[in-house]
Every structure is written in structure tokens, then in C-alpha cells.
$ cat entry-v1.txt   # compact mmCIF, C-alpha atoms and all ligand atoms
# COMPACT_ATOMS: atom_id res chain seq x y z
CA MET A 139 17.86 11.89 -8.68
CA ARG A 140 17.93 11.09 -4.96
CA PHE A 141 18.56 7.98 -2.91
CA VAL A 142 16.83 6.70 0.18
CA ASN A 143 18.37 3.83 2.14
CA GLY A 144 20.74 3.27 -0.73
CA ARG A 145 17.91 2.94 -3.26
CA GLN A 146 17.14 5.12 -6.17
CA CYS A 147 14.13 7.36 -5.97
CA ILE A 148 12.65 9.44 -8.69
CA GLY A 149 12.19 13.13 -9.06
CA ASN A 150 14.79 14.55 -6.65
CA ASP A 151 18.42 15.60 -6.71
CA ALA A 152 21.13 13.71 -4.84
CA GLY A 153 22.42 15.51 -1.75
CA PRO A 154 26.20 15.84 -1.12
CA GLU A 155 26.11 13.17 1.60
CA TRP A 156 25.17 10.59 -1.00
CA ALA A 157 28.14 11.47 -3.18
CA GLU A 158 30.40 10.60 -0.22
CA VAL A 159 28.68 7.34 0.54
CA GLY A 160 28.84 6.45 -3.13
CA ALA A 161 32.60 7.18 -3.20
CA ALA A 162 33.16 5.04 -0.09
CA PHE A 163 31.42 2.12 -1.73
CA THR A 164 33.42 2.53 -4.94
CA TYR A 165 36.61 2.42 -2.82
CA GLU A 166 35.27 -0.62 -1.01
CA LYS A 167 34.83 -2.37 -4.36
CA LYS A 168 38.47 -1.59 -5.30
CA ILE A 169 39.67 -3.08 -1.99
CA ARG A 170 37.70 -6.19 -2.67
CA ALA A 171 39.11 -6.53 -6.16
CA ALA A 172 42.69 -6.12 -4.86
CA TRP A 173 42.03 -8.65 -2.10
CA GLU A 174 40.75 -11.14 -4.54
CA ALA A 175 43.82 -10.54 -6.74
CA GLY A 176 45.93 -11.83 -3.79
CA ALA A 177 47.72 -8.92 -1.99
CA PRO A 178 50.44 -9.53 0.68
CA VAL A 179 49.20 -10.44 4.17
CA ALA A 180 50.31 -7.19 5.90
CA GLU A 181 48.61 -5.12 3.24
CA LYS A 182 45.56 -7.26 3.60
CA GLY A 183 45.51 -6.36 7.32
CA LEU A 184 45.66 -2.64 6.47
CA TRP A 185 42.99 -3.05 3.90
CA VAL A 186 40.78 -4.82 6.40
CA MET A 187 41.16 -1.91 8.85
CA LYS A 188 40.46 0.64 6.13
CA HIS A 189 37.56 -1.44 4.95
CA ILE A 190 36.04 -1.51 8.43
CA ALA A 191 36.58 2.25 8.90
CA ILE A 192 34.97 3.01 5.56
CA GLY A 193 32.16 0.62 6.36
CA ILE A 194 31.50 2.41 9.65
CA LEU A 195 31.64 5.83 8.01
CA GLY A 196 29.41 4.74 5.18
CA ALA A 197 26.95 3.11 7.54
CA ALA A 198 26.90 6.23 9.72
CA ALA A 199 26.21 8.46 6.73
CA LEU A 200 23.51 6.11 5.52
CA GLY A 201 22.03 5.84 8.99
CA PHE A 202 22.07 9.61 9.45
CA THR A 203 20.18 10.27 6.25
CA ALA A 204 17.88 7.30 6.64
CA SER A 205 16.98 8.12 10.26
CA ALA A 206 15.21 11.32 9.23
CA ALA A 207 13.04 9.37 6.85
CA SER A 208 12.64 5.86 8.15
CA ALA A 209 14.51 4.34 11.09
CA GLY A 210 12.64 4.13 14.40
CA THR A 211 9.20 4.90 13.00
CA LEU A 212 7.58 3.25 16.03
CA ASP A 213 9.38 5.65 18.38
CA THR A 214 8.60 8.67 16.20
CA VAL A 215 4.96 7.69 16.01
CA LYS A 216 4.75 7.13 19.77
CA GLN A 217 6.39 10.50 20.40
CA LYS A 218 3.95 12.39 18.22
CA GLY A 219 1.02 10.32 19.50
CA PHE A 220 -0.51 9.38 16.15
CA ILE A 221 0.17 7.69 12.82
CA GLN A 222 0.31 9.82 9.69
CA CYS A 223 -1.47 7.82 7.03
CA GLY A 224 -1.23 8.57 3.31
CA VAL A 225 -4.56 7.98 1.56
CA SER A 226 -6.20 8.95 -1.75
CA THR A 227 -7.86 12.31 -2.21
CA GLY A 228 -11.21 10.54 -2.18
CA LEU A 229 -12.02 7.12 -3.59
CA ALA A 230 -15.26 5.59 -2.29
CA GLY A 231 -14.76 2.34 -0.39
CA PHE A 232 -11.00 2.82 -0.04
CA SER A 233 -10.40 6.26 1.43
CA ALA A 234 -12.82 9.16 1.18
CA PRO A 235 -14.04 11.72 3.71
CA ASP A 236 -17.72 11.38 4.68
CA ASP A 237 -20.06 14.36 5.21
CA LYS A 238 -18.54 14.91 8.68
CA GLY A 239 -15.04 14.94 7.22
CA GLU A 240 -14.21 11.52 8.72
CA TRP A 241 -12.13 9.31 6.45
CA GLN A 242 -13.98 6.12 5.51
CA GLY A 243 -12.86 3.07 3.56
CA ILE A 244 -10.79 -0.07 3.75
CA ASP A 245 -7.49 1.84 3.38
CA ALA A 246 -8.41 4.40 6.05
CA ASP A 247 -9.52 1.59 8.39
CA PHE A 248 -6.27 -0.23 7.82
CA CYS A 249 -4.38 2.73 9.32
CA ARG A 250 -6.84 2.74 12.23
CA ALA A 251 -6.03 -0.94 12.77
CA VAL A 252 -2.30 -0.12 12.97
CA ALA A 253 -3.06 2.73 15.40
CA ALA A 254 -5.06 0.29 17.53
CA ALA A 255 -2.11 -2.13 17.54
CA VAL A 256 0.35 0.62 18.52
CA PHE A 257 -1.73 2.82 20.85
CA GLY A 258 -4.67 0.59 21.80
CA ASP A 259 -6.73 3.36 20.18
CA GLY A 260 -7.82 3.31 16.54
CA THR A 261 -8.52 7.04 16.50
CA LYS A 262 -4.87 8.00 16.77
CA VAL A 263 -4.45 8.55 13.02
CA LYS A 264 -4.12 11.64 10.87
CA PHE A 265 -4.77 11.37 7.15
CA THR A 266 -2.83 12.96 4.29
CA PRO A 267 -4.70 12.94 0.96
CA LEU A 268 -2.32 12.19 -1.90
CA SER A 269 -2.66 12.04 -5.67
CA ALA A 270 -1.11 9.08 -7.48
CA LYS A 271 1.93 11.19 -8.38
CA GLU A 272 2.49 12.56 -4.88
CA ARG A 273 2.14 9.33 -2.94
CA PHE A 274 5.63 7.79 -3.16
CA THR A 275 7.55 10.97 -2.36
CA ALA A 276 5.30 11.49 0.67
CA LEU A 277 6.30 8.09 2.03
CA GLN A 278 9.98 8.35 1.07
CA SER A 279 10.38 11.76 2.66
CA GLY A 280 8.79 10.72 5.96
CA GLU A 281 5.73 12.94 5.49
CA VAL A 282 3.59 9.84 6.08
CA ASP A 283 4.34 6.73 8.15
CA ILE A 284 2.22 4.38 6.03
CA LEU A 285 0.96 4.62 2.48
CA SER A 286 -2.49 3.02 2.48
CA ARG A 287 -3.86 4.23 -0.82
CA ASN A 288 -5.12 1.68 -3.35
CA THR A 289 -1.54 1.19 -4.45
CA THR A 290 -0.46 -1.70 -6.63
CA TRP A 291 2.48 -3.78 -5.44
CA THR A 292 5.04 -3.92 -8.27
CA ILE A 293 8.73 -4.79 -8.47
CA ASN A 294 9.65 -1.21 -9.38
CA ARG A 295 7.96 0.20 -6.30
CA ASP A 296 9.48 -2.49 -4.08
CA THR A 297 13.01 -1.96 -5.42
CA ALA A 298 13.75 1.29 -7.27
CA LEU A 299 11.36 3.33 -5.09
CA GLY A 300 12.70 1.86 -1.84
CA LEU A 301 9.34 0.69 -0.45
CA ASN A 302 8.22 -2.44 1.36
CA PHE A 303 4.70 -3.62 0.60
CA VAL A 304 3.23 -5.45 3.58
CA GLY A 305 0.75 -7.60 1.65
CA THR A 306 -2.34 -7.40 -0.52
CA THR A 307 -5.32 -6.02 1.35
CA TYR A 308 -7.40 -6.03 -1.83
CA TYR A 309 -6.79 -8.13 -4.96
CA ASP A 310 -7.91 -6.03 -7.90
CA GLY A 311 -7.47 -5.80 -11.66
CA GLN A 312 -7.76 -3.01 -14.20
CA GLY A 313 -11.04 -2.54 -16.04
CA PHE A 314 -12.87 -0.19 -18.38
CA MET A 315 -16.11 1.75 -17.97
CA ILE A 316 -18.15 3.32 -20.76
CA ASN A 317 -21.31 5.36 -21.06
CA ALA A 318 -23.68 2.78 -22.56
CA LYS A 319 -25.98 5.52 -23.86
CA LYS A 320 -23.11 7.08 -25.77
CA LEU A 321 -21.68 3.77 -27.00
CA PRO A 322 -24.61 1.37 -27.45
CA GLY A 323 -23.49 -2.02 -28.70
CA VAL A 324 -20.07 -1.90 -27.04
CA ASN A 325 -19.82 -4.83 -24.66
CA SER A 326 -16.12 -5.66 -24.84
CA ALA A 327 -12.92 -3.70 -24.42
CA LEU A 328 -11.78 -5.20 -27.72
CA GLN A 329 -14.27 -2.90 -29.47
CA LEU A 330 -12.56 0.21 -28.14
CA SER A 331 -10.02 0.88 -30.90
CA GLY A 332 -9.80 4.61 -31.62
CA ALA A 333 -11.45 5.59 -28.32
CA ALA A 334 -10.42 8.53 -26.15
CA VAL A 335 -9.50 7.03 -22.78
CA CYS A 336 -9.52 8.97 -19.49
CA VAL A 337 -6.73 7.92 -17.16
CA GLN A 338 -4.87 9.28 -14.13
CA SER A 339 -1.13 9.93 -14.42
CA GLY A 340 1.47 8.27 -12.18
CA THR A 341 -0.44 4.99 -12.07
CA THR A 342 0.06 1.43 -13.22
CA THR A 343 -3.22 2.05 -15.07
CA GLU A 344 -1.53 4.33 -17.56
CA LEU A 345 1.14 1.69 -18.29
CA ASN A 346 -1.23 -1.29 -18.57
CA LEU A 347 -3.48 0.72 -20.87
CA ALA A 348 -0.61 1.20 -23.32
CA ASP A 349 0.32 -2.52 -23.13
CA TYR A 350 -3.25 -3.68 -23.66
CA PHE A 351 -3.94 -1.54 -26.71
CA LYS A 352 -0.54 -2.34 -28.20
CA SER A 353 -0.84 -6.09 -27.71
CA ASN A 354 -4.33 -6.06 -29.25
CA LYS A 355 -3.13 -3.87 -32.13
CA MET A 356 -5.64 -1.15 -31.27
CA GLU A 357 -5.28 2.63 -31.29
CA TYR A 358 -6.36 4.96 -28.50
CA ASN A 359 -6.20 8.55 -27.54
CA PRO A 360 -5.09 9.02 -23.91
CA VAL A 361 -6.72 11.86 -21.95
CA VAL A 362 -4.47 12.16 -18.92
CA PHE A 363 -4.88 14.18 -15.70
CA GLU A 364 -3.06 14.20 -12.39
CA LYS A 365 -6.05 14.89 -10.15
CA LEU A 366 -8.84 12.40 -9.70
CA GLU A 367 -11.55 15.04 -9.82
CA GLU A 368 -10.22 16.21 -13.20
CA VAL A 369 -10.41 12.70 -14.66
CA ASN A 370 -13.91 12.22 -13.24
CA ALA A 371 -15.13 15.58 -14.52
CA ALA A 372 -13.67 15.00 -17.99
CA TYR A 373 -15.29 11.58 -18.27
CA ASP A 374 -18.63 12.78 -16.90
CA ALA A 375 -18.61 15.68 -19.38
CA GLY A 376 -18.09 13.20 -22.25
CA ARG A 377 -14.55 14.38 -23.08
CA CYS A 378 -13.52 10.75 -23.31
CA ASP A 379 -15.32 7.58 -24.34
CA VAL A 380 -13.79 5.31 -21.75
CA TYR A 381 -12.63 5.50 -18.13
CA THR A 382 -9.95 3.06 -17.07
CA THR A 383 -8.65 2.28 -13.57
CA ASP A 384 -8.73 -0.55 -11.00
CA GLN A 385 -12.13 -2.23 -11.28
CA SER A 386 -12.98 -1.45 -7.65
CA GLY A 387 -12.22 2.20 -8.42
CA LEU A 388 -14.61 2.15 -11.38
CA TYR A 389 -17.48 1.01 -9.12
CA GLY A 390 -16.66 3.76 -6.63
CA ILE A 391 -16.30 6.46 -9.32
CA ARG A 392 -19.52 5.39 -11.07
CA LEU A 393 -21.44 6.32 -7.91
CA THR A 394 -20.14 9.90 -8.13
CA LEU A 395 -21.18 10.48 -11.78
CA GLY A 396 -24.18 12.57 -12.81
CA SER A 397 -26.13 9.54 -13.93
CA PRO A 398 -24.50 6.33 -12.60
CA ALA A 399 -27.01 3.95 -14.20
CA ASP A 400 -25.89 5.03 -17.70
CA HIS A 401 -22.41 3.62 -17.18
CA VAL A 402 -21.31 0.01 -17.48
CA VAL A 403 -18.12 -1.70 -16.47
CA LEU A 404 -16.90 -3.94 -19.31
CA PRO A 405 -16.06 -7.58 -18.49
CA GLU A 406 -12.31 -7.55 -19.31
CA ILE A 407 -9.77 -7.41 -16.49
CA ILE A 408 -6.50 -6.54 -18.19
CA SER A 409 -4.00 -6.68 -15.32
CA LYS A 410 -3.20 -7.83 -11.80
CA GLU A 411 -3.54 -4.98 -9.31
CA PRO A 412 -2.65 -6.32 -5.88
CA LEU A 413 -3.41 -3.29 -3.71
CA GLY A 414 -1.78 -2.98 -0.35
CA PRO A 415 -0.14 -0.75 2.24
CA ALA A 416 3.53 0.12 1.97
CA VAL A 417 6.20 1.44 4.33
CA ARG A 418 9.74 2.71 3.78
CA GLN A 419 12.61 0.26 3.62
CA GLY A 420 15.14 0.22 6.43
CA ASP A 421 12.85 -0.11 9.43
CA ASP A 422 12.10 -3.78 10.02
CA GLN A 423 10.21 -3.26 13.26
CA TRP A 424 7.71 -0.87 11.70
CA TYR A 425 7.43 -3.11 8.65
CA HIS A 426 6.60 -6.05 10.92
CA ILE A 427 4.02 -4.10 12.92
CA VAL A 428 2.19 -3.01 9.78
CA LYS A 429 2.50 -6.44 8.13
CA TRP A 430 1.30 -8.36 11.18
CA THR A 431 -1.61 -5.98 11.60
CA TYR A 432 -2.76 -7.12 8.16
CA PHE A 433 -2.23 -10.78 9.11
CA ALA A 434 -4.02 -10.26 12.44
CA LEU A 435 -7.10 -8.96 10.59
CA LEU A 436 -7.14 -12.13 8.46
CA ASP A 437 -6.36 -14.55 11.29
CA ALA A 438 -9.13 -12.98 13.38
CA GLU A 439 -11.62 -13.60 10.58
CA GLU A 440 -10.41 -17.16 10.13
CA LEU A 441 -10.88 -17.82 13.86
CA GLY A 442 -14.33 -16.21 13.95
CA ILE A 443 -13.20 -13.33 16.17
CA THR A 444 -15.41 -10.30 15.51
CA LYS A 445 -15.87 -6.80 16.85
CA ALA A 446 -18.98 -8.01 18.70
CA ASN A 447 -17.53 -11.18 20.26
CA VAL A 448 -13.86 -10.30 20.87
CA ASP A 449 -14.25 -9.78 24.64
CA GLU A 450 -16.15 -13.03 24.99
CA MET A 451 -13.54 -14.82 22.85
CA LYS A 452 -10.87 -13.94 25.40
CA ASN A 453 -12.42 -16.69 27.59
CA SER A 454 -12.46 -19.23 24.75
CA ASP A 455 -11.08 -22.73 25.41
CA ASN A 456 -9.59 -22.81 21.92
CA PRO A 457 -5.80 -22.54 22.43
CA GLU A 458 -5.28 -20.74 19.11
CA ILE A 459 -7.85 -18.07 19.91
CA LYS A 460 -6.37 -17.60 23.40
CA ARG A 461 -2.90 -17.26 21.93
CA VAL A 462 -3.92 -14.75 19.26
CA LEU A 463 -5.78 -12.64 21.80
CA GLY A 464 -2.75 -12.58 24.13
CA MET A 465 -4.42 -14.65 26.86
CA GLU A 466 -1.73 -17.33 27.24
CA ALA A 467 0.28 -17.21 30.47
CA ASP A 468 3.66 -15.48 30.09
CA THR A 469 2.91 -14.59 26.49
CA LYS A 470 5.16 -12.27 24.49
CA ILE A 471 2.99 -12.43 21.37
CA GLY A 472 2.70 -8.65 21.17
CA THR A 473 5.69 -7.40 23.12
CA ASP A 474 8.09 -9.23 20.77
CA LEU A 475 6.57 -7.13 18.00
CA GLY A 476 6.93 -3.89 19.98
CA VAL A 477 3.25 -3.56 20.96
CA SER A 478 1.12 -4.81 23.87
CA ASN A 479 0.08 -8.46 24.12
CA ASP A 480 -3.59 -7.59 23.56
CA TRP A 481 -2.82 -5.87 20.23
CA VAL A 482 -5.15 -8.16 18.25
CA VAL A 483 -7.99 -7.45 20.70
CA ASN A 484 -7.40 -3.74 20.13
CA ILE A 485 -7.33 -4.11 16.34
CA VAL A 486 -10.59 -6.07 16.20
CA LYS A 487 -12.29 -3.70 18.65
CA ALA A 488 -11.31 -0.74 16.47
CA VAL A 489 -12.19 -2.00 12.97
CA GLY A 490 -13.46 -5.61 13.23
CA ASN A 491 -11.76 -8.47 11.39
CA TYR A 492 -10.78 -8.35 7.68
CA GLY A 493 -14.18 -9.64 6.54
CA GLU A 494 -16.03 -7.03 8.61
CA MET A 495 -13.77 -4.31 7.25
CA PHE A 496 -14.39 -5.52 3.69
CA GLU A 497 -18.19 -5.81 3.94
CA ARG A 498 -18.61 -2.44 5.70
CA ASN A 499 -16.49 -0.50 3.21
CA VAL A 500 -16.73 -2.15 -0.19
CA GLY A 501 -19.02 -5.15 0.25
CA SER A 502 -22.62 -5.84 1.14
CA GLY A 503 -22.79 -3.11 3.81
CA SER A 504 -21.58 -0.42 1.40
CA PRO A 505 -23.04 1.26 -1.68
CA LEU A 506 -20.35 -0.48 -3.81
CA LYS A 507 -21.71 -3.99 -3.08
CA ILE A 508 -18.55 -5.72 -4.34
CA ALA A 509 -18.53 -9.50 -3.82
CA ARG A 510 -15.69 -11.03 -1.79
CA GLY A 511 -14.58 -13.01 -4.88
CA ILE A 512 -10.83 -13.65 -4.81
CA ASN A 513 -10.62 -11.55 -1.64
CA ALA A 514 -12.31 -14.33 0.31
CA LEU A 515 -10.20 -16.22 2.84
CA TRP A 516 -8.22 -19.20 1.51
CA THR A 517 -10.56 -21.42 3.55
CA LYS A 518 -13.43 -20.15 1.36
CA GLY A 519 -11.67 -20.49 -1.99
CA GLY A 520 -10.10 -17.01 -2.02
CA LEU A 521 -6.54 -15.68 -1.94
CA GLN A 522 -6.48 -14.08 1.50
CA TYR A 523 -4.12 -16.17 3.61
CA ALA A 524 -2.12 -15.18 6.68
CA PRO A 525 0.71 -16.99 8.44
CA PRO A 526 -0.09 -18.11 11.98
CA ILE A 527 0.23 -15.89 15.02
CA ARG A 528 2.20 -18.23 17.29
N1 LIG B 601 -3.59 0.87 -8.32
C1 LIG B 601 -3.05 1.75 -9.31
C2 LIG B 601 -3.94 2.99 -9.52
C3 LIG B 601 -4.14 3.77 -8.27
C4 LIG B 601 -4.75 5.14 -8.46
O1 LIG B 601 -4.14 6.16 -8.07
N2 LIG B 601 -5.96 5.21 -9.02
C5 LIG B 601 -6.61 6.47 -9.16
C6 LIG B 601 -7.87 6.33 -9.97
S1 LIG B 601 -9.10 5.33 -9.17
C7 LIG B 601 -6.92 7.00 -7.76
O2 LIG B 601 -7.11 6.26 -6.83
N3 LIG B 601 -6.95 8.29 -7.59
C8 LIG B 601 -7.27 8.83 -6.31
C9 LIG B 601 -6.61 10.16 -6.06
O3 LIG B 601 -5.83 10.63 -6.89
O4 LIG B 601 -6.85 10.69 -5.00
C10 LIG B 601 -1.65 2.21 -8.90
O5 LIG B 601 -1.22 1.90 -7.79
O6 LIG B 601 -0.98 2.88 -9.69
$ encode --input "entry-v1.txt" --output "C-alpha cells"
Amino acid sequence: MRFVNGRQCIGNDAGPEWAEVGAAFTYEKKIRAAWEAGAPVAEKGLWVMKHIAIGILGAAALGFTASAASAGTLDTVKQKGFIQCGVSTGLAGFSAPDDKGEWQGIDADFCRAVAAAVFGDGTKVKFTPLSAKERFTALQSGEVDILSRNTTWTINRDTALGLNFVGTTYYDGQGFMINAKKLPGVNSALQLSGAAVCVQSGTTTELNLADYFKSNKMEYNPVVFEKLEEVNAAYDAGRCDVYTTDQSGLYGIRLTLGSPADHVVLPEIISKEPLGPAVRQGDDQWYHIVKWTYFALLDAEELGITKANVDEMKNSDNPEIKRVLGMEADTKIGTDLGVSNDWVVNIVKAVGNYGEMFERNVGSGSPLKIARGINALWTKGGLQYAPPIR
């Protein structure tokens, strides 16, 4: 077991420095208890001094360990000249290399948007492909600066794993896909009792699958792999009857199968899978930069600012558009965040607004052809809503 920023992480052993910090905090608790029990004033003074000293020591130890992994990510990123972005090993529409080896997809573009905000240049990104199992350690250890990899925001990941999700860039839900030729007559997940189900390990998918079958009193036979290509190959070879993952993932994976038209996605959505980018805890500035990049993409769409018209929009009379694009006199709209005042201009020039990013990668401009649905802006009946840039 190992701790990052005072939080528990899985899969690693605690280093000696954590034992000391832990002891300091236990001592601190004792001091508190004695204080509350009403110790003499002079002793209280001593305790206060000790308390402060321990606090400083503890904070220094925490800071020392945390700095390697998280504090000052903006400075680290600026020093190296690029953002290291954790993506999937290849999921169409989200993050997958094209035939030139360029990473495409909404998750890859999100990192480009952050690079545009930080460097004024969306190309300053390097990508690290990660399996579901590898992804959290890669972020915790500092191997990547952002995890932008179709990752569901859950309480466990936000707390026990020491992450901060910046928002939901894609509202998804878990679904099932079957080979209709192999299973004619199956048109509901409730007919799947006894099926062999292909699933990737280290995912919420695996957990929801168990809940769904249990709550519907159905049996299933899990066929579990760590690597995406293993799951895909097993399903395509007919080693399992059903493939389950985020519904968007099913559409992407279907395109890679030997005979995509034979496969149907069943209507049931069995979970909430709010997918979004995450950063490490303990670095508020970086968290804000990544979070406001997401909001900037949404606010740009809401204001009608596009890749094609962003330069023209700088001369708009609309005060909100002027403000967002950093055109107000004496503005600090970007510098307060730690980036330049024209950061939104740079984001939109690099990847377009949220809607453009969506349509190009997973929507009408992509082979996936997924409808905006609940990912529409709140002004169009969807869930995508950003606080104002002002
Ligand atoms: N959203 C779910 C599932 C994410 C997930 O890893 N899905 C698999 C199946 S679509 C995937 O993307 N694999 C890609 C890879 O391993 O590179 C989660 O966060 O646990």
C-alpha cells in the first residue's frame, strides 16, 4: 500500500517517509485529545509549539513526497515543453492512433486543448497509451500530467485513489453488444442469463456487470482480459456471447470487428459512466487550468465561437465574447489562471469548440456517428453546462 498526498493508493508499498508522517499525525491527535481534556496553560503553550513544529515537519515531508508527483505541474510542464497525456491503447473516437501514428479522438484533443491553453500550441503533447489497469498508477506516479482516457468519475477514484476529475467531457453508460447471427432472437440484456461475457479488467464495467446480473438474478460467465486487443479478439473469435463496456466504446469496437454489421448493441444502459479527464490531487493551479480548459470549450460553443470564426469574433461587440477571448482592456482572465489572456483563442484555434470536437471525433463527422444526445449543451436540452468565464 502507498499514499500520495495523504491518500491511499492501491498496489504499492508505503515508503519509510510515510511511516514518519503517519506517526506525526498520530502524535498530533494525542495532543489534541489532551488539549480538549483541559491541560494547564503553560503545558498548553508547549503543546502548541510542539504541534506547530510537528505540523511543519509533517507538511515538509508531505510536500517533499508530493512535489515529485504533483505540485507545480504547470512549471514542470513548461520546463519540459510539452504535456504528457495518458490515453487508451486505442479506442476509436476517444484516443486511437491513425495510419500516420497521430493520436485522434475526443480524449486526445482534450490534451491538445490544454497544451494550447498553456503553450499557445496544441501540438505540444506527448501521448502515453495505458490499459485500464495501468492508468491510475501512471497519473499518481507523475508519469503523465493528465489522464484523458475514457475514465469514469467515481467516488473511489476521487478519494481513495487521490485524483481530481475536472468534469464530464462525455456522458456515457454501460451497454452490451452481441453477434445477432449467433444469438438470433436476443433483443434485450435480460435474455442473457448464462452467457459468457467479455470484459476488460480494472474497469467500472467489470463491477457494474456483476451488479446487473446479480440484481436481475441472472448467471453469467465472465471472460476477463487486461488488454483491449485481447478482449476484442476473444469476442470476435466467438469465445464469448456478449461484449460489455461503455456504449460509446461498443460503437468504436464494433467498427474494428471482422464483420461489424453482424453485431448489435442492445438497448439497455445499465450504469452512469461520466467520462472525464483527471489530474492528481494537491496541485490546485493545474487542476484549475485543466478544468477551465473544459469549461472554455463549452462556453465557446455556447457563444458560437468556432475554429473558423475565432479571429473575427475577437472584434465582436458582444461583451461576453470579448471577455472570453481576452479582448477586454486590462484583462487578467488568463493570467489569473497562469496562462496568457488569449488562452481561449488558442484552445479554439487548436481543436475548435466542444461541439466541433464532438462531431469530428464521435459524431456526424466520424465513422461512429453518435448523436449529441445528453452531451448536448444545456441550452439544447443536454447536460453540458459550464460556469461563466468572467
Ligand atoms: N469507463 C470505464 C471503462 C473504461 C475502459 O478502460 N474501457 C475499456 C474498454 S472500451 C478501454 O477503453 N480499453 C482501452 C485500452 O485498454 O486501451 C472505466 O473508467 O473503468
$ residues_around --input "entry-v1.txt" --residues "region 266-279 of chain A" --least-positions-apart "4" --cutoff "9 Å" --atoms "all atoms listed in the file" --output "ChimeraX atom specification"
/A:142,147-149,206-208,222-228,233-234,283-285,287,289,295,299-301,338-341,364-366,416-419
$ atom_distance --input "entry-v1.txt" --atom1 "CA of Thr473 (chain A)" --atom2 "CA of Gln522 (chain A)"
25.7 Å
$ residues_around --input "entry-v1.txt" --residues "Ala372 (chain A)" --least-positions-apart "5" --cutoff "10 Å" --atoms "all atoms listed in the file" --output "list in words"
Cys336, Val337, Val361, Val362, Phe363, Leu366, Glu367, Arg377, Cys378, Asp379 and Tyr381 of chain A
$ write_last_selection --input "entry-v1.txt" --atoms "C-alpha atoms" --output "PDB file, keeping the file's coordinate frame"
ATOM      1  CA  CYS A 336      -9.520   8.970 -19.490  1.00  0.00           C
ATOM      2  CA  VAL A 337      -6.730   7.920 -17.160  1.00  0.00           C
ATOM      3  CA  VAL A 361      -6.720  11.860 -21.950  1.00  0.00           C
ATOM      4  CA  VAL A 362      -4.470  12.160 -18.920  1.00  0.00           C
ATOM      5  CA  PHE A 363      -4.880  14.180 -15.700  1.00  0.00           C
ATOM      6  CA  LEU A 366      -8.840  12.400  -9.700  1.00  0.00           C
ATOM      7  CA  GLU A 367     -11.550  15.040  -9.820  1.00  0.00           C
ATOM      8  CA  ARG A 377     -14.550  14.380 -23.080  1.00  0.00           C
ATOM      9  CA  CYS A 378     -13.520  10.750 -23.310  1.00  0.00           C
ATOM     10  CA  ASP A 379     -15.320   7.580 -24.340  1.00  0.00           C
ATOM     11  CA  TYR A 381     -12.630   5.500 -18.130  1.00  0.00           C
TER      12      TYR A 381
END
$ axis_aligned_box --input "entry-v1.txt" --around "region 350-363 of chain A" --padding-each-side "3 Å" --output "lines of an AutoDock Vina configuration file"
center_x = -3.6
center_y = 4.0
center_z = -23.9
size_x = 12.2
size_y = 26.3
size_z = 22.4
$ atom_distance --input "entry-v1.txt" --atom1 "CA of Leu347 (chain A)" --atom2 "CA of Ala371 (chain A)"
19.9 Å
$ closest_residue --input "entry-v1.txt" --among "A:Gln329, A:Asn370, A:Asn302, A:Thr517" --to "Phe351 (chain A)" --atoms "only C-alpha atoms"
A:Gln329
$ closest_residue --input "entry-v1.txt" --among "A:Gly503, A:Pro398, A:Gly323, A:Gly311" --to "ligand LIG 601 (chain B)" --atoms "only C-alpha atoms and all ligand atoms"
A:Gly311
$ residues_near_point --input "entry-v1.txt" --point "(-22.2, -0.2, -5.2)" --cutoff "9 Å" --atoms "all atoms listed in the file" --output "JSON, numbers by chain"
{"A": [389, 390, 392, 393, 500, 501, 502, 504, 505, 506, 507, 508]}
$ atom_distance --input "entry-v1.txt" --atom1 "CA of Thr261 (chain A)" --atom2 "CA of Ser478 (chain A)"
17.0 Å
$ closest_residue --input "entry-v1.txt" --among "A:Gly313, A:Gly464, A:Gly476, A:Gly490" --to "Tyr350 (chain A)" --atoms "all atoms listed in the file"
A:Gly313
$ closest_residue --input "entry-v1.txt" --among "A:Phe257, A:Pro235, A:Gly511, A:Asn491" --to "Gln217 (chain A)" --atoms "only C-alpha atoms"
A:Phe257
$ closest_residue --input "entry-v1.txt" --among "A:Leu388, A:Val477, A:Asn294, A:Asp437" --to "Gln423 (chain A)" --atoms "all atoms listed in the file"
A:Val477
